[in-house]
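Before any comments, here is the structure.
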Amino acid sequence: MMSACSESSWPSYRAGACLTVDLDAIASNYRFLRERVGRASCAAVVKADAYGLGVEQVAPVLEAAGAQDFFVAHVDEGIRLRSVVSENARITVLHGPRPGVANDCLRYGLRPVLNSLEQIAIWRDEAHRVDVPLEAVFQVDSGMSRFGLSVADIERLRENSDLMAGLKIGLVMSHLACADMPDHSANPLQRARMLEMCAQLPSAPMSLAASSGIFLGSDYHLDMVRPGAALYGIAPNHVGPNPLSAVVRLQAHVLQVRDLLPGDGVGYGMIYRAAEPRRIAVVAAGYADGFSRHGAGQGCAWFEEFRLPLIGRVSMDSLIVDISDVPEGRLDADMMVDLIGSRRSVDDVAVAAGTIGYEVLTSLGHRFYRNYVGKAESSEKAIDTSAQNTR
Ligand SMILES: *Cc1c(COP(=O)(O)O)cnc(C)c1O
């Protein structure tokens with residue numbers, strides 16, 4: 001059980017809610033995945049501020065756990081990451097170079113993914129300019145139609161090898177569209193397509209699987225896997241229990257406890273009306289903190305062993321739960337309830353809101369007090385950032 005915020009502990013008290021991030025759980029998820037993929041190497045995806053959990057805190061912990069390869073989406077994210085990992089860490093930028101930023105990739109030691117002939121040309125020109133062979137990752141589109149070279153693009157490269165003069169292919173990658181559905185026929189088709197496309201390119205290590213793909217079996221591991229979500233405790237599929245450790249706990253303060261009389265309306269639009277006397281708690285987290293107004297009807301909080309159903313609309317800074325089942329006097333203002341915790345996972349919150357765990361994590365607000373526990377507990381950086389977040 002991760003150590004959490006307590007009601008009286010400063011400065012979490014000043015914030016509405018406290019987000020506890022268990023860095024040891026992230027390290028242990030990394031080691032679990034790495035073991036699972038055997039001799040394939042296991043990278044770590046830390047785009048979008050490590051899925052909203054804080055790249056400054058998370059990336060050094062992953063590096064200490066053995067990660068040598070990191071993926072981010074944008075050049076800016078790569079520059080930020082560069083300052084918190086060692087020089088040896090390899091940083092790959094998924095969206096590759098856009099015109100004018102190739103030089104930044106070089107300056108900060110970022111390896112671009114080249115997703116099109118245009119991006120290959122940008123990186124080739126850069127190699128030509130600095131007169132040194134430059135490494136890159138080539139992405140091939142094996143069926144998702146999102147990023148990567150098409151069969152026709154690869155044909156062009158075969159016809160004219162000048163197009164990639166001065167480039168060294170460090171990795172060929174592709175991405176699965178349906179990996180969270182292990183029986184989906186697109187999975188083996190994408191794998192076969194990728195192998196065919198790779199055979200047409202100069203030989204290089206290959207990477208296909210992200211979190212869910214790892215659980216499709218060793219055929220999908222190839223030379224490198226690229227998990228993100230699984231590191232942060234999100235379930236890779238809906239088959240069986242989640243094998244990963246929970247990473248986040250979100251506790252929010254109760255601002256007020258109130259009694260409802262029959263007929264009383266609750267919140268904007270008064271979409272909830274008490275049919276009988278009820279007791280409610282107003283909780284300090286709202287849609288500005290990532291709690292979607294949409295789907296609030298399935299939402300709940302937990303206090304000890306009591307499930308507290310969400311009622312009425314979610315406001316910007318608060319939401320309201322029914323606490324009638326809690327014996328009177330046990331839950332009062334200034335105490336905290338769990339919005340995400342041992343009884344309600346990130347994935348449960350996602351299902352209630354009609355979305356996926358990825359969106360719940362990356363929507364978590366920036367005004368929570370952030371409590372990092374585990375490896376970096378005493379690091380200056382963790383403390384600095386938390387202090388900023390509570391301003
Ligand atoms: C985001 C992303 C990943 C990581 O995906 P998860 O499902 O979070 O493990 C891997 N590869 C690419 C290309 C991505 O965009």
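By order of appearance in the structure tokens: chains A, B, ..., then residues from 1 within every chain, and ligands from 1 in the order shown.
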
- Item | Within 6 Å of region 36-49 of chain A using only C-alpha atoms, minus same-chain residues under 6 positions, as a list in words |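 With the cut-off at 6 Å, the set is Val55, Ala67, Asp69, Phe70, Phe71, Val72, Ala73, Asp223, Met224, Val225, Arg226, Pro227 and Gly228 of chain A.
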
Shell of 7 Å around region 243-247 of chain A, only C-alpha atoms, local chain residues under 6 positions omitted, as a CSV table (one decimal) with N, CA, C and O atoms, in the first residue's frame:
```csv
chain,number,residue,atom,x,y,z
A,21,VAL,N,2.0,9.6,-6.4
A,21,VAL,CA,2.5,8.8,-7.5
A,21,VAL,C,3.6,7.9,-6.9
A,21,VAL,O,4.6,8.4,-6.3
A,22,ASP,N,3.4,6.6,-7.1
A,22,ASP,CA,4.3,5.7,-6.5
A,22,ASP,C,5.4,5.3,-7.5
A,22,ASP,O,5.2,4.5,-8.4
A,25,ALA,N,6.4,1.7,-7.8
A,25,ALA,CA,5.5,0.9,-8.6
A,25,ALA,C,5.8,1.0,-10.1
A,25,ALA,O,5.8,0.1,-10.8
A,26,ILE,N,6.2,2.2,-10.5
A,26,ILE,CA,6.6,2.4,-11.9
A,26,ILE,C,7.9,1.6,-12.2
A,26,ILE,O,7.9,0.9,-13.2
A,29,ASN,N,6.9,-2.0,-12.4
A,29,ASN,CA,6.2,-2.3,-13.7
A,29,ASN,C,7.2,-2.4,-14.8
A,29,ASN,O,7.1,-3.3,-15.7
A,230,ALA,N,1.4,0.8,-19.6
A,230,ALA,CA,1.6,-0.3,-18.6
A,230,ALA,C,2.5,0.1,-17.5
A,230,ALA,O,2.4,-0.3,-16.4
A,232,TYR,N,2.6,2.8,-16.1
A,232,TYR,CA,1.8,3.7,-15.2
A,232,TYR,C,0.6,3.0,-14.6
A,232,TYR,O,-0.3,3.6,-14.1
A,233,GLY,N,0.6,1.6,-14.8
A,233,GLY,CA,-0.4,0.8,-14.2
A,233,GLY,C,-1.7,0.6,-14.9
A,233,GLY,O,-2.6,-0.1,-14.4
A,235,ALA,N,-4.2,-1.2,-17.4
A,235,ALA,CA,-4.3,-2.6,-17.9
A,235,ALA,C,-4.1,-2.7,-19.4
A,235,ALA,O,-4.6,-1.9,-20.1
```

- Message: Please determine, counting only C-alpha atoms, which residue among A:Val283, A:Leu81, A:Val137, A:Leu163 has the shortest atom-to-atom distance to Ala121 (chain A).
- Response: A:Leu163

- Message: Could you pull out the strand (DSSP E or B) residues of region 89-170 of chain A, going by DSSP on the backbone, and write them as a list in words?
- Response: Arg90, Ile91, Thr92, Val93, Leu110, Arg111, Pro112, Val113, Leu114, Leu134, Glu135, Ala136, Val137, Phe138, Gln139, Val140, Leu149, Leu167, Lys168, Ile169 and Gly170 of chain A

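Of the residues listed (A:Asn115, A:Ser203, A:Ser363, A:Asn371), A:Asn115 shows the shortest atom-to-atom separation from ligand 1; distances use only C-alpha atoms and all ligand atoms.
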
- Sel. of alpha helix (DSSP H) residues, region 20-177 of chain A, as a ChimeraX atom specification: /A:23-36,47-51,55-64,75-82,102-107,117-130,151-159

- Query: Mind pulling up the distance from CA of Arg158 (chain A) to CA of Leu189 (chain A)?
  - Reply: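 Here the two named atoms are 23.2 Å from each other.
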
- Extract, using only C-alpha atoms, all DNA, RNA and protein residues at most 12 Å from Asp180 (chain A), discarding same-chain residues fewer than 5 positions from it, and format them as a PyMOL selection string. chain A and resi 185-187+209-216+229-230+234-239+356

- Item | Interatomic distance, CA of Val373 (chain A) to CA of Val360 (chain A) (Å, one decimal) |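 If I compute the distance from CA of Val373 (chain A) to CA of Val360 (chain A), I get 20.6 Å.
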
- Of A:Arg34, A:Arg111, A:Arg14, A:Arg146, the one sitting nearest ligand 1 when using only C-alpha atoms and all ligand atoms is A:Arg146

- Mind giving me the straight-line distance from CA of Gly148 (chain A) to atom 7 (O, counted along the ligand's line) of ligand 1 in Å, one decimal?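 That distance, rounded to one decimal, is 17.3 Å.
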
- Task: Point out the residue among A:Ala17, A:Val84, A:Leu53, A:Val101 with the least atom-to-atom distance to Tyr372 (chain A), counting only C-alpha atoms.
- Result: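 Using only C-alpha atoms, the shortest distance to Tyr372 (chain A) belongs to A:Leu53.
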
- Message: Taking 6 positions as the minimum chain separation for residues in the same chain, which residues sit within 6 Å of region 310-321 of chain A when counting only C-alpha atoms? Answer as a PyMOL selection string.
- Response: chain A and resi 266-267+271-272+280-288+293+299-300

- Exercise: Leu364 (chain A) partners within 10 Å, only C-alpha atoms, chain neighbours under 2 positions left out, as JSON, numbers by chain: {"A": [19, 51, 52, 53, 250, 287, 288, 289, 290, 291, 359, 360, 361, 362, 366, 367, 368]}

- Residue nearest Trp302 (chain A) among A:Arg273, A:Arg249, A:Arg31, A:Arg98 (counting only C-alpha atoms):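 The shortest atom-to-atom distance to Trp302 (chain A) comes from A:Arg249.
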
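Remark: for ligand 1, the closest of the candidate residues A:Val58, A:Ala27, A:Leu222, A:Leu231 is A:Leu231 (distances computed over only C-alpha atoms and all ligand atoms).
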
- Task: Name all residues at most 8 Å from Gly78 (chain A) (count only C-alpha atoms; drop same-chain ones fewer than 6 positions away) and give them as number ranges by chain.
- Result: A: 72, 91-93, 108, 110

Can those selected residues be exported to a file as a CSV table (one decimal), in the first residue's frame so that it contains N, CA and C atoms?
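Heads up, here's the output in out-v9.csv:
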```csv
chain,number,residue,atom,x,y,z
A,72,VAL,N,9.5,10.1,-26.8
A,72,VAL,CA,8.6,11.2,-26.6
A,72,VAL,C,7.9,11.5,-27.9
A,91,ILE,N,17.2,9.1,-26.7
A,91,ILE,CA,15.9,9.7,-26.7
A,91,ILE,C,15.4,9.7,-28.2
A,92,THR,N,14.2,9.1,-28.4
A,92,THR,CA,13.7,9.1,-29.8
A,92,THR,C,12.4,9.9,-29.8
A,93,VAL,N,12.3,10.7,-30.9
A,93,VAL,CA,11.2,11.6,-31.0
A,93,VAL,C,10.2,11.0,-32.1
A,108,TYR,N,20.5,18.5,-29.1
A,108,TYR,CA,20.1,17.9,-27.8
A,108,TYR,C,20.3,16.4,-27.9
A,110,LEU,N,18.8,14.1,-29.9
A,110,LEU,CA,17.5,13.4,-30.1
A,110,LEU,C,17.5,12.6,-31.4
```
